[in-house]
file run.txt (compact mmCIF, C-alpha atoms)
# COMPACT_ATOMS: atom_id res chain seq x y z
CA MET A 1 -75.35 24.09 -40.64
CA LYS A 2 -73.97 20.94 -39.10
CA THR A 3 -72.09 20.80 -35.82
CA LYS A 4 -68.53 19.50 -35.95
CA ALA A 5 -67.87 16.17 -34.24
CA VAL A 6 -64.30 14.92 -34.21
CA PHE A 7 -63.26 11.54 -32.89
CA TYR A 8 -59.56 11.27 -31.94
CA HIS A 9 -58.08 7.83 -31.56
CA ALA A 10 -54.82 5.93 -31.87
CA GLY A 11 -55.84 2.74 -33.59
CA CYS A 12 -55.97 0.62 -30.45
CA PRO A 13 -58.78 -1.97 -30.10
CA VAL A 14 -60.48 0.13 -27.42
CA CYS A 15 -60.47 3.11 -29.77
CA VAL A 16 -61.77 1.20 -32.77
CA SER A 17 -64.59 -0.30 -30.73
CA ALA A 18 -65.53 3.11 -29.35
CA GLU A 19 -65.29 4.69 -32.77
CA GLN A 20 -67.66 2.23 -34.36
CA SER A 21 -70.20 2.32 -31.53
CA VAL A 22 -70.18 5.92 -30.43
CA LEU A 23 -69.46 7.67 -33.71
CA GLY A 24 -71.88 5.35 -35.48
CA ALA A 25 -74.59 6.29 -33.01
CA LEU A 26 -74.38 10.01 -33.64
CA ASP A 27 -76.99 11.67 -35.80
CA ALA A 28 -75.21 12.15 -39.15
CA ASP A 29 -77.90 14.59 -40.23
CA ARG A 30 -76.82 17.03 -37.54
CA PHE A 31 -73.08 16.39 -37.29
CA ASP A 32 -70.12 16.57 -39.60
CA LEU A 33 -68.15 13.54 -38.45
CA GLN A 34 -64.38 13.44 -38.67
CA VAL A 35 -61.94 10.81 -37.42
CA VAL A 36 -58.34 11.65 -36.54
CA HIS A 37 -55.82 8.86 -35.99
CA LEU A 38 -53.24 10.48 -33.71
CA GLY A 39 -50.94 7.48 -33.97
CA THR A 40 -50.36 7.95 -37.70
CA ASN A 41 -51.18 11.66 -37.83
CA LYS A 42 -48.94 13.07 -35.11
CA SER A 43 -49.06 16.53 -36.69
CA ARG A 44 -52.48 16.93 -35.14
CA LEU A 45 -51.29 16.22 -31.58
CA PRO A 46 -50.88 19.95 -30.76
CA GLU A 47 -54.46 20.58 -31.92
CA ALA A 48 -55.66 17.72 -29.71
CA GLU A 49 -53.74 19.02 -26.71
CA LYS A 50 -55.06 22.53 -27.28
CA LEU A 51 -58.61 21.15 -27.16
CA GLY A 52 -57.82 19.65 -23.76
CA ILE A 53 -57.62 16.02 -24.82
CA LYS A 54 -55.74 13.97 -22.23
CA SER A 55 -56.29 10.46 -23.57
CA VAL A 56 -57.80 8.68 -26.52
CA PRO A 57 -60.36 7.71 -27.61
CA ALA A 58 -61.91 11.14 -27.22
CA LEU A 59 -64.94 12.69 -28.83
CA VAL A 60 -65.09 16.43 -29.36
CA LEU A 61 -68.59 17.76 -29.85
CA ASP A 62 -68.78 21.43 -30.75
CA GLY A 63 -65.52 22.10 -28.88
CA HIS A 64 -66.40 20.07 -25.78
CA VAL A 65 -64.07 17.16 -25.02
CA PHE A 66 -65.44 13.83 -23.85
CA HIS A 67 -62.84 11.24 -22.92
CA ILE A 68 -64.21 7.76 -23.53
CA ASN A 69 -62.84 4.95 -21.36
CA PHE A 70 -59.07 5.10 -21.18
CA GLY A 71 -57.08 3.85 -24.11
CA ALA A 72 -53.69 5.49 -24.41
CA SER A 73 -52.22 8.61 -22.89
CA LEU A 74 -51.25 11.26 -25.41
CA SER A 75 -47.72 11.13 -24.02
CA ASP A 76 -47.46 7.50 -25.20
CA LEU A 77 -47.91 8.63 -28.79
CA LYS A 78 -45.01 11.08 -28.89
CA MET B 79 -86.40 -2.15 -33.79
CA LYS B 80 -84.38 0.49 -31.99
CA THR B 81 -81.17 -0.19 -30.13
CA LYS B 82 -81.16 0.56 -26.41
CA ALA B 83 -78.99 3.44 -25.25
CA VAL B 84 -78.83 4.11 -21.52
CA PHE B 85 -77.04 7.04 -19.95
CA TYR B 86 -76.13 6.58 -16.28
CA HIS B 87 -75.25 9.64 -14.27
CA ALA B 88 -75.33 11.04 -10.75
CA GLY B 89 -76.51 14.58 -11.27
CA CYS B 90 -73.07 16.18 -11.07
CA PRO B 91 -72.26 19.06 -13.43
CA VAL B 92 -69.90 16.86 -15.45
CA CYS B 93 -72.69 14.31 -15.90
CA VAL B 94 -75.32 16.85 -16.88
CA SER B 95 -73.01 18.44 -19.42
CA ALA B 96 -72.16 15.05 -20.89
CA GLU B 97 -75.80 14.01 -20.91
CA GLN B 98 -76.93 17.03 -22.85
CA SER B 99 -74.09 16.89 -25.37
CA VAL B 100 -73.57 13.19 -25.93
CA LEU B 101 -77.10 11.90 -25.50
CA GLY B 102 -78.45 14.81 -27.50
CA ALA B 103 -76.08 13.93 -30.34
CA LEU B 104 -77.30 10.36 -30.72
CA ASP B 105 -79.63 9.49 -33.54
CA ALA B 106 -83.03 9.27 -31.86
CA ASP B 107 -84.43 7.47 -34.89
CA ARG B 108 -82.19 4.50 -34.21
CA PHE B 109 -81.92 4.52 -30.42
CA ASP B 110 -84.28 4.23 -27.51
CA LEU B 111 -82.75 6.72 -25.11
CA GLN B 112 -83.02 6.27 -21.36
CA VAL B 113 -81.43 8.27 -18.55
CA VAL B 114 -80.77 6.74 -15.13
CA HIS B 115 -79.85 8.98 -12.20
CA LEU B 116 -77.91 6.64 -9.91
CA GLY B 117 -77.74 9.25 -7.16
CA THR B 118 -81.51 9.29 -6.66
CA ASN B 119 -82.21 5.82 -8.05
CA LYS B 120 -79.80 3.66 -6.06
CA SER B 121 -81.89 0.55 -6.72
CA ARG B 122 -80.34 0.45 -10.16
CA LEU B 123 -76.75 0.40 -8.88
CA PRO B 124 -76.54 -3.43 -9.07
CA GLU B 125 -77.67 -3.30 -12.69
CA ALA B 126 -75.03 -0.67 -13.45
CA GLU B 127 -72.33 -2.71 -11.76
CA LYS B 128 -73.40 -5.83 -13.61
CA LEU B 129 -72.99 -3.98 -16.90
CA GLY B 130 -69.41 -3.17 -15.90
CA ILE B 131 -69.90 0.51 -15.12
CA LYS B 132 -67.06 1.81 -12.95
CA SER B 133 -67.82 5.52 -12.94
CA VAL B 134 -70.42 7.97 -14.14
CA PRO B 135 -71.28 9.49 -16.51
CA ALA B 136 -71.39 6.32 -18.58
CA LEU B 137 -73.16 5.55 -21.82
CA VAL B 138 -74.26 1.99 -22.54
CA LEU B 139 -74.90 1.32 -26.21
CA ASP B 140 -76.33 -2.09 -26.98
CA GLY B 141 -74.68 -3.52 -23.86
CA HIS B 142 -71.28 -1.91 -24.42
CA VAL B 143 -70.13 0.44 -21.68
CA PHE B 144 -68.41 3.71 -22.49
CA HIS B 145 -67.16 5.68 -19.53
CA ILE B 146 -67.17 9.37 -20.32
CA ASN B 147 -64.65 11.58 -18.53
CA PHE B 148 -64.54 10.81 -14.82
CA GLY B 149 -67.27 12.17 -12.63
CA ALA B 150 -67.92 10.10 -9.56
CA SER B 151 -66.96 6.57 -8.62
CA LEU B 152 -69.89 4.22 -8.07
CA SER B 153 -68.57 3.59 -4.57
CA ASP B 154 -69.17 7.27 -3.74
CA LEU B 155 -72.89 6.81 -4.36
CA LYS B 156 -73.46 3.98 -1.88
call {"tool": "encode", "arguments": {"input": "run.txt", "output": "structure tokens"}}
result
Amino acid sequence: MKTKAVFYHAGCPVCVSAEQSVLGALDADRFDLQVVHLGTNKSRLPEAEKLGIKSVPALVLDGHVFHINFGASLSDLK
Amino acid sequence: MKTKAVFYHAGCPVCVSAEQSVLGALDADRFDLQVVHLGTNKSRLPEAEKLGIKSVPALVLDGHVFHINFGASLSDLK
């Protein structure tokens, strides 16, 4: 069974760059990759906050949050 | 030819957690993985700074720096 890997972003250039590099580098044989655009999909903001995401882009591997660089604060997207 | 992926850290719990999760998730078939402990290998600090690393843990994929969370500032390691 594959591990869940979710990449949350907001469409900013920093996010897109990180998405392509980091998500593209993950082993697709072992991970189910999902991308969530919090800028256009605000209904998933509560889920992101519950996971402990403070900024995007963020990568969640098996429930563990890794903030990558610093793109936009979640509060900027509300 | 594999792409170079270097993970810089300083041995802190945040770094070790990130190393195991993020580095372990990369596709080893496509990346040459290297881990640099800047706390014990200070001779590589100039290289890290030249790459644009501001804090550790940081993952460098093909020359692009991705700061993960915020562990320790490079200035704390000098």
call {"tool": "residues_near_point", "arguments": {"input": "run.txt", "point": "(-67.4, 1.4, -17.1)", "cutoff": "7 Å", "atoms": "all atoms listed in the file", "output": "PyMOL selection string"}}
result
chain B and resi 130-133+136+143-145
call {"tool": "closest_residue", "arguments": {"input": "run.txt", "among": "B:Leu123, B:Leu104, B:Leu111, B:Leu129", "to": "Phe85 of chain B", "atoms": "all atoms listed in the file"}}
result
B:Leu111
call {"tool": "calpha_fit_and_write", "arguments": {"input": "run.txt", "fixed": "chain B", "moving": "chain A", "output": "CSV table (one decimal) with C-alpha atoms, in the frame of the given file"}}
result
chain,number,residue,atom,x,y,z
A,1,MET,CA,-86.4,-2.1,-33.9
A,2,LYS,CA,-84.4,0.5,-32.0
A,3,THR,CA,-81.2,-0.2,-30.1
A,4,LYS,CA,-81.2,0.6,-26.4
A,5,ALA,CA,-79.0,3.4,-25.2
A,6,VAL,CA,-78.8,4.1,-21.5
A,7,PHE,CA,-77.0,7.0,-20.0
A,8,TYR,CA,-76.1,6.6,-16.3
A,9,HIS,CA,-75.3,9.6,-14.3
A,10,ALA,CA,-75.3,11.0,-10.8
A,11,GLY,CA,-76.5,14.6,-11.3
A,12,CYS,CA,-73.1,16.2,-11.1
A,13,PRO,CA,-72.3,19.1,-13.4
A,14,VAL,CA,-69.9,16.9,-15.4
A,15,CYS,CA,-72.7,14.3,-15.9
A,16,VAL,CA,-75.3,16.9,-16.9
A,17,SER,CA,-73.0,18.4,-19.4
A,18,ALA,CA,-72.2,15.0,-20.9
A,19,GLU,CA,-75.8,14.0,-20.9
A,20,GLN,CA,-76.9,17.0,-22.8
A,21,SER,CA,-74.1,16.9,-25.4
A,22,VAL,CA,-73.6,13.2,-25.9
A,23,LEU,CA,-77.1,11.9,-25.5
A,24,GLY,CA,-78.4,14.8,-27.5
A,25,ALA,CA,-76.1,13.9,-30.3
A,26,LEU,CA,-77.3,10.4,-30.7
A,27,ASP,CA,-79.6,9.5,-33.5
A,28,ALA,CA,-83.0,9.3,-31.9
A,29,ASP,CA,-84.4,7.5,-34.9
A,30,ARG,CA,-82.2,4.5,-34.2
A,31,PHE,CA,-81.9,4.5,-30.4
A,32,ASP,CA,-84.3,4.2,-27.5
A,33,LEU,CA,-82.7,6.7,-25.1
A,34,GLN,CA,-83.0,6.3,-21.4
A,35,VAL,CA,-81.4,8.3,-18.5
A,36,VAL,CA,-80.8,6.7,-15.1
A,37,HIS,CA,-79.8,9.0,-12.2
A,38,LEU,CA,-77.9,6.6,-9.9
A,39,GLY,CA,-77.7,9.2,-7.2
A,40,THR,CA,-81.5,9.3,-6.7
A,41,ASN,CA,-82.2,5.8,-8.0
A,42,LYS,CA,-79.8,3.7,-6.1
A,43,SER,CA,-81.9,0.6,-6.7
A,44,ARG,CA,-80.3,0.5,-10.2
A,45,LEU,CA,-76.7,0.4,-8.9
A,46,PRO,CA,-76.5,-3.4,-9.1
A,47,GLU,CA,-77.7,-3.3,-12.7
A,48,ALA,CA,-75.0,-0.7,-13.4
A,49,GLU,CA,-72.3,-2.7,-11.8
A,50,LYS,CA,-73.4,-5.8,-13.6
A,51,LEU,CA,-73.0,-4.0,-16.9
A,52,GLY,CA,-69.4,-3.2,-15.9
A,53,ILE,CA,-69.9,0.5,-15.1
A,54,LYS,CA,-67.1,1.8,-12.9
A,55,SER,CA,-67.8,5.5,-12.9
A,56,VAL,CA,-70.4,8.0,-14.1
A,57,PRO,CA,-71.3,9.5,-16.5
A,58,ALA,CA,-71.4,6.3,-18.6
A,59,LEU,CA,-73.2,5.5,-21.8
A,60,VAL,CA,-74.3,2.0,-22.5
A,61,LEU,CA,-74.9,1.3,-26.2
A,62,ASP,CA,-76.3,-2.1,-27.0
A,63,GLY,CA,-74.7,-3.6,-23.9
A,64,HIS,CA,-71.3,-1.9,-24.4
A,65,VAL,CA,-70.1,0.4,-21.7
A,66,PHE,CA,-68.4,3.7,-22.5
A,67,HIS,CA,-67.2,5.7,-19.5
A,68,ILE,CA,-67.2,9.4,-20.3
A,69,ASN,CA,-64.6,11.6,-18.5
A,70,PHE,CA,-64.6,10.8,-14.8
A,71,GLY,CA,-67.3,12.2,-12.7
A,72,ALA,CA,-67.9,10.1,-9.6
A,73,SER,CA,-67.0,6.6,-8.6
A,74,LEU,CA,-69.9,4.3,-8.1
A,75,SER,CA,-68.6,3.6,-4.6
A,76,ASP,CA,-69.2,7.3,-3.7
A,77,LEU,CA,-72.9,6.8,-4.4
A,78,LYS,CA,-73.4,4.0,-1.9
call {"tool": "closest_residue", "arguments": {"input": "run.txt", "among": "A:Arg44, A:Tyr8, A:Val56, A:Ile68", "to": "chain B", "atoms": "all atoms listed in the file"}}
result
A:Ile68
call {"tool": "interface_residues", "arguments": {"input": "run.txt", "of": "chain B", "to": "chain A", "cutoff": "8 Å", "atoms": "only C-alpha atoms", "output": "list in words"}}
result
Ala96, Ser99, Val100, Ala103, Leu104, Asp105, Ala106, Arg108, Phe109, Leu139, Phe144, His145, Ile146 and Asn147 of chain B
call {"tool": "residues_near_point", "arguments": {"input": "run.txt", "point": "(-55.3, -0.6, -33.9)", "cutoff": "12 Å", "atoms": "all atoms listed in the file", "output": "ChimeraX atom specification"}}
result
/A:9-19,37-40,57,71-72
call {"tool": "atom_distance", "arguments": {"input": "run.txt", "atom1": "atom CA of Gly63 of chain A", "atom2": "atom CA of Glu47 of chain A"}}
result
11.6 Å
call {"tool": "atom_distance", "arguments": {"input": "run.txt", "atom1": "atom CA of Val84 of chain B", "atom2": "atom CA of Asn119 of chain B"}}
result
14.0 Å
call {"tool": "atom_distance", "arguments": {"input": "run.txt", "atom1": "atom CA of Met79 of chain B", "atom2": "atom CA of Asp110 of chain B"}}
result
9.2 Å
call {"tool": "axis_aligned_box", "arguments": {"input": "run.txt", "around": "segment 13-30 of chain A", "padding_each_side": "5 Å", "output": "AutoDock Vina command-line options"}}
result
--center_x -68.3 --center_y 7.5 --center_z -33.8 --size_x 29.1 --size_y 29.0 --size_z 22.8
